[in-house]
Amino acid sequence: VITYNAAITACGRGKRWKPAVELLQTMRTQGVVPDTFSYSAAISACKKCGRWEAALKLLREMQKGGLGRDRYCLNAAIAACASAGRWQPAVKILREMETAGPKPDVFSYSSVIDAMAEGGKLNMALNTLLEMRSNPARFPVPNTVCYNVVLKALSYGGRWREARALLREVAKGSLESETPDVLDYLSYNAVIWGCAAAGEVGKAFKTRGEMQDCGIDADAFTYEALVAACGMTGNWEAAEATVLTMPGATTGGV
RNA sequence: UGUAUUAGA
């Protein structure tokens, strides 16, 4: 079984959902019974290819076969809906988990928030995040991924002010409580891109400064955003100056 | 052996 499961996972990594699903059938003809590991890997393979319906079908198949559906399978199914922007089935699975178990974890919520964001329900995604934060007795504490999903959606949805406000609020909060940083380079890059895309060059650079202040290194994606922002306003001198601040810029030749 | 953001070309 473990060998088959590893093969299904490998199909997923290669974005080959069909062979992944077919392997489940192959197992049975070989007298090997697929387990929850097999299904979570196969559902995830569907997710990687945008096949949310195939993913939900596998979930139904598990139930029909009397195989208990665990968190991994349900979370993978929510993620499959998220990648395809189908927020409604994602929410439905989450609600079922809330009422009938297994109790949703932070993976379930980050995925469902992503589903809302990808499905254009940005306010719903934001509210879910805020709800998690305000009710730690009922919900898992939102982690980096939960914030990143919302920050990215706000940023790329043109709501860079809110994205920056949330970013700064979270940064301040983790500073005050001395908790390890919840934000990472993805959080900052998303907001920097959001500012850049809106032509808010100053805010983009300011956000990069805050990124440095909390010890996160700018990467190629960060510089790309900053240069794009300068380019948008036609400020080629600033763009060039930014390029020259990149590590290795003076040794790589320009 | 299995699940979430990982980028906007």
# chains A, B, ... in the order shown; residues from 1 in each chain; ligands from 1

$ closest_atom_pairs --of "chain A" --to "chain B" --cutoff "8 Å" --atoms "only C-alpha atoms (C1' of nucleotides)" --output "Markdown table"
| residue | atom | partner | partner_atom | distance |
| --- | --- | --- | --- | --- |
| A:Ile2 | CA | B:U1 | C1' | 4.8 |
| A:Thr3 | CA | B:U1 | C1' | 7.0 |
| A:Asn5 | CA | B:U1 | C1' | 5.5 |
| A:Ala6 | CA | B:U1 | C1' | 5.3 |
| A:Thr9 | CA | B:G2 | C1' | 7.6 |
| A:Thr36 | CA | B:G2 | C1' | 7.3 |
| A:Phe37 | CA | B:G2 | C1' | 4.2 |
| A:Ser38 | CA | B:G2 | C1' | 6.6 |
| A:Tyr39 | CA | B:G2 | C1' | 7.6 |
| A:Ser40 | CA | B:G2 | C1' | 5.3 |
| A:Ala41 | CA | B:G2 | C1' | 5.1 |
| A:Ser44 | CA | B:U3 | C1' | 7.3 |
| A:Arg71 | CA | B:U3 | C1' | 7.4 |
| A:Tyr72 | CA | B:U3 | C1' | 4.3 |
| A:Cys73 | CA | B:U3 | C1' | 6.4 |
| A:Leu74 | CA | B:U3 | C1' | 7.8 |
| A:Asn75 | CA | B:U3 | C1' | 5.4 |
| A:Ala76 | CA | B:U3 | C1' | 4.7 |
| A:Ala79 | CA | B:A4 | C1' | 6.6 |
| A:Phe107 | CA | B:A4 | C1' | 5.0 |
| A:Ser108 | CA | B:A4 | C1' | 7.2 |
| A:Ser110 | CA | B:A4 | C1' | 5.7 |
| A:Ser111 | CA | B:A4 | C1' | 5.2 |
| A:Asp114 | CA | B:U5 | C1' | 7.8 |
| A:Val145 | CA | B:U5 | C1' | 5.0 |
| A:Cys146 | CA | B:U5 | C1' | 7.4 |
| A:Asn148 | CA | B:U5 | C1' | 5.9 |
| A:Val149 | CA | B:U5 | C1' | 5.4 |
| A:Leu186 | CA | B:U6 | C1' | 7.3 |
| A:Ala190 | CA | B:A7 | C1' | 8.0 |

$ residues_around --residues "Asn143 (chain A)" --least-positions-apart "5" --cutoff "10 Å" --atoms "only C-alpha atoms (C1' of nucleotides)" --output "list in words"
Val106, Phe107, Tyr109, Ser110, Leu129, Arg133, Asn148, Asp181, Val182 and Leu183 of chain A

$ write_last_selection --atoms "C-alpha atoms" --output "PDB file, in the first residue's frame"
ATOM      1  CA  VAL A 106      -5.717  25.607  10.454  1.00  0.00           C
ATOM      2  CA  PHE A 107      -5.187  23.860   7.109  1.00  0.00           C
ATOM      3  CA  TYR A 109      -9.405  27.318   7.353  1.00  0.00           C
ATOM      4  CA  SER A 110      -6.495  28.563   5.291  1.00  0.00           C
ATOM      5  CA  LEU A 129      -9.798  35.609   9.078  1.00  0.00           C
ATOM      6  CA  ARG A 133      -8.560  35.973  15.287  1.00  0.00           C
ATOM      7  CA  ASN A 148      -0.811  35.508   3.203  1.00  0.00           C
ATOM      8  CA  ASP A 181       7.003  36.476  13.171  1.00  0.00           C
ATOM      9  CA  VAL A 182       3.755  35.476  11.583  1.00  0.00           C
ATOM     10  CA  LEU A 183       4.655  37.288   8.404  1.00  0.00           C
TER      11      LEU A 183
END

$ residues_around --residues "Ala77 (chain A)" --least-positions-apart "4" --cutoff "9 Å" --atoms "only C-alpha atoms (C1' of nucleotides)" --output "MDAnalysis selection string"
(chainID A and resid 40 43:44 46:47 52 55:56 58:59 72:73 81:82 90 93) or (chainID B and resid 3)

$ write_last_selection --atoms "N, CA and C atoms (P, O5', C5', C4', C3', O3' and C1' of nucleotides)" --output "PDB file, in the first residue's frame"
ATOM      1  N   SER A  40      -6.027  10.986  -0.008  1.00  0.00           N
ATOM      2  CA  SER A  40      -5.596  12.380   0.155  1.00  0.00           C
ATOM      3  C   SER A  40      -4.587  12.740  -0.918  1.00  0.00           C
ATOM      4  N   ILE A  43      -6.555  13.107  -4.222  1.00  0.00           N
ATOM      5  CA  ILE A  43      -7.349  14.340  -4.236  1.00  0.00           C
ATOM      6  C   ILE A  43      -6.434  15.545  -4.451  1.00  0.00           C
ATOM      7  N   SER A  44      -5.286  15.514  -3.799  1.00  0.00           N
ATOM      8  CA  SER A  44      -4.330  16.596  -3.974  1.00  0.00           C
ATOM      9  C   SER A  44      -3.810  16.664  -5.409  1.00  0.00           C
ATOM     10  N   CYS A  46      -5.531  15.889  -8.031  1.00  0.00           N
ATOM     11  CA  CYS A  46      -6.608  16.548  -8.777  1.00  0.00           C
ATOM     12  C   CYS A  46      -6.544  18.058  -8.575  1.00  0.00           C
ATOM     13  N   LYS A  47      -6.298  18.452  -7.343  1.00  0.00           N
ATOM     14  CA  LYS A  47      -6.196  19.869  -7.029  1.00  0.00           C
ATOM     15  C   LYS A  47      -5.132  20.550  -7.870  1.00  0.00           C
ATOM     16  N   TRP A  52     -11.405  20.026  -9.622  1.00  0.00           N
ATOM     17  CA  TRP A  52     -12.135  20.014  -8.351  1.00  0.00           C
ATOM     18  C   TRP A  52     -13.276  19.005  -8.343  1.00  0.00           C
ATOM     19  N   ALA A  55     -11.954  15.663  -7.671  1.00  0.00           N
ATOM     20  CA  ALA A  55     -11.574  15.590  -6.259  1.00  0.00           C
ATOM     21  C   ALA A  55     -12.798  15.285  -5.391  1.00  0.00           C
ATOM     22  N   LEU A  56     -13.896  15.975  -5.656  1.00  0.00           N
ATOM     23  CA  LEU A  56     -15.109  15.744  -4.873  1.00  0.00           C
ATOM     24  C   LEU A  56     -15.679  14.352  -5.128  1.00  0.00           C
ATOM     25  N   LEU A  58     -13.919  11.705  -5.681  1.00  0.00           N
ATOM     26  CA  LEU A  58     -13.128  10.784  -4.864  1.00  0.00           C
ATOM     27  C   LEU A  58     -13.588  10.803  -3.415  1.00  0.00           C
ATOM     28  N   LEU A  59     -13.963  11.990  -2.968  1.00  0.00           N
ATOM     29  CA  LEU A  59     -14.442  12.122  -1.592  1.00  0.00           C
ATOM     30  C   LEU A  59     -15.729  11.316  -1.396  1.00  0.00           C
ATOM     31  N   TYR A  72      -7.024  15.025   6.412  1.00  0.00           N
ATOM     32  CA  TYR A  72      -6.156  15.204   5.243  1.00  0.00           C
ATOM     33  C   TYR A  72      -6.956  15.176   3.947  1.00  0.00           C
ATOM     34  N   CYS A  73      -7.871  14.222   3.855  1.00  0.00           N
ATOM     35  CA  CYS A  73      -8.668  14.107   2.637  1.00  0.00           C
ATOM     36  C   CYS A  73      -9.622  15.279   2.479  1.00  0.00           C
ATOM     37  N   CYS A  81     -11.072  22.754  -4.291  1.00  0.00           N
ATOM     38  CA  CYS A  81     -12.090  23.751  -4.627  1.00  0.00           C
ATOM     39  C   CYS A  81     -11.462  25.141  -4.675  1.00  0.00           C
ATOM     40  N   ALA A  82     -10.553  25.393  -3.753  1.00  0.00           N
ATOM     41  CA  ALA A  82      -9.910  26.706  -3.682  1.00  0.00           C
ATOM     42  C   ALA A  82      -9.141  27.013  -4.960  1.00  0.00           C
ATOM     43  N   ALA A  90     -16.358  24.380  -1.063  1.00  0.00           N
ATOM     44  CA  ALA A  90     -15.321  24.437  -0.027  1.00  0.00           C
ATOM     45  C   ALA A  90     -15.941  24.759   1.328  1.00  0.00           C
ATOM     46  N   ILE A  93     -17.959  21.789   2.759  1.00  0.00           N
ATOM     47  CA  ILE A  93     -17.138  20.764   3.421  1.00  0.00           C
ATOM     48  C   ILE A  93     -16.696  21.254   4.797  1.00  0.00           C
TER      49      ILE A  93
ATOM     50  P     U B   3       0.882  15.754   0.975  1.00  0.00           P
ATOM     51  O5'   U B   3      -0.539  16.256   1.437  1.00  0.00           O
ATOM     52  C5'   U B   3      -1.610  16.357   0.501  1.00  0.00           C
ATOM     53  C4'   U B   3      -2.707  17.222   1.045  1.00  0.00           C
ATOM     54  C3'   U B   3      -2.309  18.675   1.261  1.00  0.00           C
ATOM     55  O3'   U B   3      -2.418  19.392   0.057  1.00  0.00           O
ATOM     56  C1'   U B   3      -3.528  17.865   3.125  1.00  0.00           C
TER      57        U B   3
END

$ atom_distance --atom1 "CA of Met97 (chain A)" --atom2 "CA of Ser134 (chain A)"
20.3 Å

$ atom_distance --atom1 "CA of Leu126 (chain A)" --atom2 "CA of Glu176 (chain A)"
22.9 Å

$ atom_distance --atom1 "CA of Ile8 (chain A)" --atom2 "CA of Ala20 (chain A)"
4.9 Å

$ residues_around --residues "Met124 (chain A)" --least-positions-apart "5" --cutoff "12 Å" --atoms "only C-alpha atoms (C1' of nucleotides)" --output "VMD selection string"
chain A and resid 87 to 88 91 112 to 119 129 to 131 150 153 to 154
